[in-house]
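Novice: Before we start, here is the structure in question, set down as structure tokens.
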Amino acid sequence: MPGYQEIMSLAGFKSKNAVYKLINKLVEEGIVEKDSKGKLTPLKLYGEIKMLGLVEAGFASAAEEELVDTMSLDEFLIDKKDATYMLRVKGDSMIDAGIQEGDMVLVERSKPPREGDIVIAEVDGGWTMKYYRKKAGKVYLEPANKNYPLIFPQHELNIAAVVKAVIRKYR
């Protein structure tokens, strides 16, 4: 986000006081927030999208379009903004979990992994994305593709993040 001086220039304001009032209004409206150092961070990156209801993925049923609610994607997907980031997927070891090469995964750093979570992990000096598993108190990583072996760390295992969502663009 631009600083006060840059906003003053972009908006054509003559004083920083006008920028201060504008920023306070944006904070009040929930559009941006200030961190502990006064830097601005957008709160709603994607705006709100209409939520129209449900769609049947099984047998067809009668449906009517009705506006149920609105929500922003960041509100739906992100719990801790400063601990969340995206990664592009390379490889096919998680294909049976519905994660394909080229997909984006939204991950959260501060979330402790639970059994069955998909995690981003550093294993013996290399990085991977796999299911987090425990058996008899021993942690290992499991791919979602039968062509790949289970990974039992030989020296070191660091869980960097837990996958929260998969994003795929069809066109």
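Chain labels run A, B, ... following the order of the structure tokens; each chain numbers its residues from 1, and ligands are numbered from 1 in the order shown.
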I'd like the contact shell of range 79-92 of chain A - 8 Å cut-off, only C-alpha atoms, skipping same-chain residues fewer than 3 positions apart - returned as a PyMOL selection string.
Specialist: chain A and resi 75+95+99-110+145
Novice: Selected residues, C-alpha atoms, written as a PDB file, in the first residue's frame, please.
Specialist:
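Result saved to result.pdb:
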```pdb
ATOM      1  CA  GLU A  75     -12.895 -13.494   4.592  1.00  0.00           C
ATOM      2  CA  ILE A  95      -3.223 -35.823  -7.456  1.00  0.00           C
ATOM      3  CA  ILE A  99      -4.328 -31.142  -6.131  1.00  0.00           C
ATOM      4  CA  GLN A 100      -2.858 -30.873  -9.619  1.00  0.00           C
ATOM      5  CA  GLU A 101       0.268 -29.337 -11.088  1.00  0.00           C
ATOM      6  CA  GLY A 102      -0.345 -25.636 -11.741  1.00  0.00           C
ATOM      7  CA  ASP A 103      -2.885 -25.284  -8.914  1.00  0.00           C
ATOM      8  CA  MET A 104      -2.298 -22.678  -6.226  1.00  0.00           C
ATOM      9  CA  VAL A 105      -2.445 -23.684  -2.564  1.00  0.00           C
ATOM     10  CA  LEU A 106      -3.274 -21.216   0.175  1.00  0.00           C
ATOM     11  CA  VAL A 107      -1.274 -22.086   3.283  1.00  0.00           C
ATOM     12  CA  GLU A 108      -1.081 -20.835   6.867  1.00  0.00           C
ATOM     13  CA  ARG A 109       2.248 -20.756   8.701  1.00  0.00           C
ATOM     14  CA  SER A 110       1.137 -20.471  12.307  1.00  0.00           C
ATOM     15  CA  ASN A 145      -0.497 -40.859  -5.430  1.00  0.00           C
TER      16      ASN A 145
END
```
Novice: Show which residues sit within 12 Å of Gln5 in chain A, as a PyMOL selection string. Count only C-alpha atoms, and ignore same-chain residues fewer than 6 positions away.
Specialist: chain A and resi 11-20
Novice: May I have the residues from that selection written out with N, CA and C atoms, as an mmCIF file, in the first residue's frame?
Specialist:
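Below is the file selection09.cif, written as the result:
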```cif
data_model
loop_
_atom_site.group_PDB
_atom_site.id
_atom_site.type_symbol
_atom_site.label_atom_id
_atom_site.label_comp_id
_atom_site.auth_asym_id
_atom_site.auth_seq_id
_atom_site.Cartn_x
_atom_site.Cartn_y
_atom_site.Cartn_z
ATOM 1 N N ALA A 11 -3.757 11.343 -5.041
ATOM 2 C CA ALA A 11 -5.107 11.896 -4.897
ATOM 3 C C ALA A 11 -5.168 13.389 -5.189
ATOM 4 N N GLY A 12 -4.002 14.019 -5.341
ATOM 5 C CA GLY A 12 -3.980 15.454 -5.620
ATOM 6 C C GLY A 12 -4.290 16.303 -4.402
ATOM 7 N N PHE A 13 -4.096 15.744 -3.195
ATOM 8 C CA PHE A 13 -4.329 16.523 -1.977
ATOM 9 C C PHE A 13 -3.179 17.498 -1.758
ATOM 10 N N LYS A 14 -3.500 18.597 -1.085
ATOM 11 C CA LYS A 14 -2.498 19.629 -0.803
ATOM 12 C C LYS A 14 -1.842 19.442 0.570
ATOM 13 N N SER A 15 -2.472 18.617 1.439
ATOM 14 C CA SER A 15 -1.912 18.440 2.786
ATOM 15 C C SER A 15 -2.016 16.987 3.232
ATOM 16 N N LYS A 16 -1.122 16.626 4.156
ATOM 17 C CA LYS A 16 -1.158 15.275 4.719
ATOM 18 C C LYS A 16 -2.363 15.106 5.635
ATOM 19 N N ASN A 17 -2.917 16.205 6.143
ATOM 20 C CA ASN A 17 -4.104 16.133 6.990
ATOM 21 C C ASN A 17 -5.286 15.544 6.215
ATOM 22 N N ALA A 18 -5.410 15.905 4.949
ATOM 23 C CA ALA A 18 -6.488 15.363 4.116
ATOM 24 C C ALA A 18 -6.295 13.857 3.932
ATOM 25 N N VAL A 19 -5.042 13.427 3.763
ATOM 26 C CA VAL A 19 -4.731 12.001 3.630
ATOM 27 C C VAL A 19 -5.067 11.289 4.934
ATOM 28 N N TYR A 20 -4.700 11.909 6.054
ATOM 29 C CA TYR A 20 -4.983 11.342 7.376
ATOM 30 C C TYR A 20 -6.479 11.092 7.549
#
```
Novice: With only C-alpha atoms as the basis for distance, which of A:Ile78, A:Gly98, A:Leu43, A:Val27 is at the shortest distance from Arg168 in chain A?
Specialist: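 Result for the nearest residue to Arg168 in chain A: A:Gly98.
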Novice: So how many Å separate CA of Tyr140 in chain A and CA of Lys111 in chain A, to one decimal?
Specialist: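 Here the two named atoms are 18.0 Å from each other.
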Novice: Could you pull out all residues of chain A with a DSSP call of strand (DSSP E or B) and give them as a ChimeraX atom specification?
Specialist: /A:32-34,40-42,48-51,69-72,84-88,104-108,118-123,126-135,138-142,151,157-167
Novice: Take the residues just selected and output them with C-alpha atoms as a short mmCIF file (atom, residue, chain, number, x, y, z; two decimals), in the first residue's frame.
Specialist:
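Output contents, as saved in result34.cif:
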```cif
data_model
loop_
_atom_site.label_atom_id
_atom_site.label_comp_id
_atom_site.auth_asym_id
_atom_site.auth_seq_id
_atom_site.Cartn_x
_atom_site.Cartn_y
_atom_site.Cartn_z
CA VAL A 32 -7.78 -1.06 5.31
CA GLU A 33 -6.11 -1.49 8.67
CA LYS A 34 -2.97 -0.01 10.21
CA LEU A 40 -1.61 0.23 5.73
CA THR A 41 -2.87 -3.24 4.81
CA PRO A 42 -5.94 -3.92 2.68
CA GLU A 48 -17.39 -9.20 -2.08
CA ILE A 49 -18.96 -11.82 -4.33
CA LYS A 50 -22.65 -12.77 -4.33
CA MET A 51 -23.47 -16.07 -2.64
CA ASP A 69 -25.44 -13.52 1.27
CA THR A 70 -22.24 -11.86 0.12
CA MET A 71 -18.73 -12.68 1.21
CA SER A 72 -15.20 -11.85 0.26
CA THR A 84 -0.96 -16.81 5.06
CA TYR A 85 0.61 -17.10 1.63
CA MET A 86 0.15 -18.94 -1.68
CA LEU A 87 2.35 -21.43 -3.49
CA ARG A 88 2.10 -22.82 -7.03
CA MET A 104 -2.30 -22.68 -6.23
CA VAL A 105 -2.44 -23.68 -2.56
CA LEU A 106 -3.27 -21.22 0.18
CA VAL A 107 -1.27 -22.09 3.28
CA GLU A 108 -1.08 -20.83 6.87
CA ILE A 118 -1.92 -31.53 4.04
CA VAL A 119 1.29 -29.73 4.98
CA ILE A 120 4.22 -27.93 3.43
CA ALA A 121 7.28 -29.55 4.99
CA GLU A 122 11.05 -29.46 4.85
CA VAL A 123 12.27 -33.06 5.03
CA GLY A 126 14.10 -30.80 0.66
CA TRP A 127 10.63 -29.26 0.43
CA THR A 128 7.39 -31.12 -0.28
CA MET A 129 3.62 -31.07 0.15
CA LYS A 130 2.09 -34.24 1.64
CA TYR A 131 -0.41 -35.55 4.20
CA TYR A 132 0.83 -35.27 7.80
CA ARG A 133 0.60 -38.69 9.47
CA LYS A 134 1.50 -40.23 12.83
CA LYS A 135 1.80 -43.90 13.69
CA LYS A 138 6.35 -41.48 14.74
CA VAL A 139 5.61 -38.72 12.21
CA TYR A 140 5.78 -39.39 8.48
CA LEU A 141 4.47 -37.84 5.26
CA GLU A 142 2.10 -39.58 2.87
CA ILE A 151 8.41 -40.31 3.53
CA LEU A 157 11.32 -32.69 9.58
CA ASN A 158 10.04 -29.12 9.84
CA ILE A 159 6.39 -28.36 9.13
CA ALA A 160 6.30 -24.89 7.58
CA ALA A 161 2.58 -24.52 6.91
CA VAL A 162 -0.79 -26.23 6.67
CA VAL A 163 -2.73 -26.15 3.38
CA LYS A 164 -6.06 -24.33 3.81
CA ALA A 165 -7.36 -24.23 0.23
CA VAL A 166 -6.64 -25.22 -3.34
CA ILE A 167 -7.30 -22.72 -6.09
#
```
Novice: From chain A, collect each residue whose DSSP state is alpha helix (DSSP H) and return the set as a list in words.
Specialist: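 Answer for chain A, restricted to alpha helix (DSSP H): Tyr4, Gln5, Glu6, Ile7, Met8, Ser9, Leu10, Ala11, Lys16, Asn17, Ala18, Val19, Tyr20, Lys21, Leu22, Ile23, Asn24, Lys25, Leu26, Val27, Glu28, Leu73, Asp74, Glu75, Phe76 and Leu77 of chain A.
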Novice: In Å, how far is it from CA of His155 in chain A to CA of Gly125 in chain A?
Specialist: 8.9 Å
Novice: Work out how far apart CA of Ala144 in chain A and CA of Tyr170 in chain A are and give it in Å to one decimal.
Specialist: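 Distance between the two atoms: 21.8 Å.
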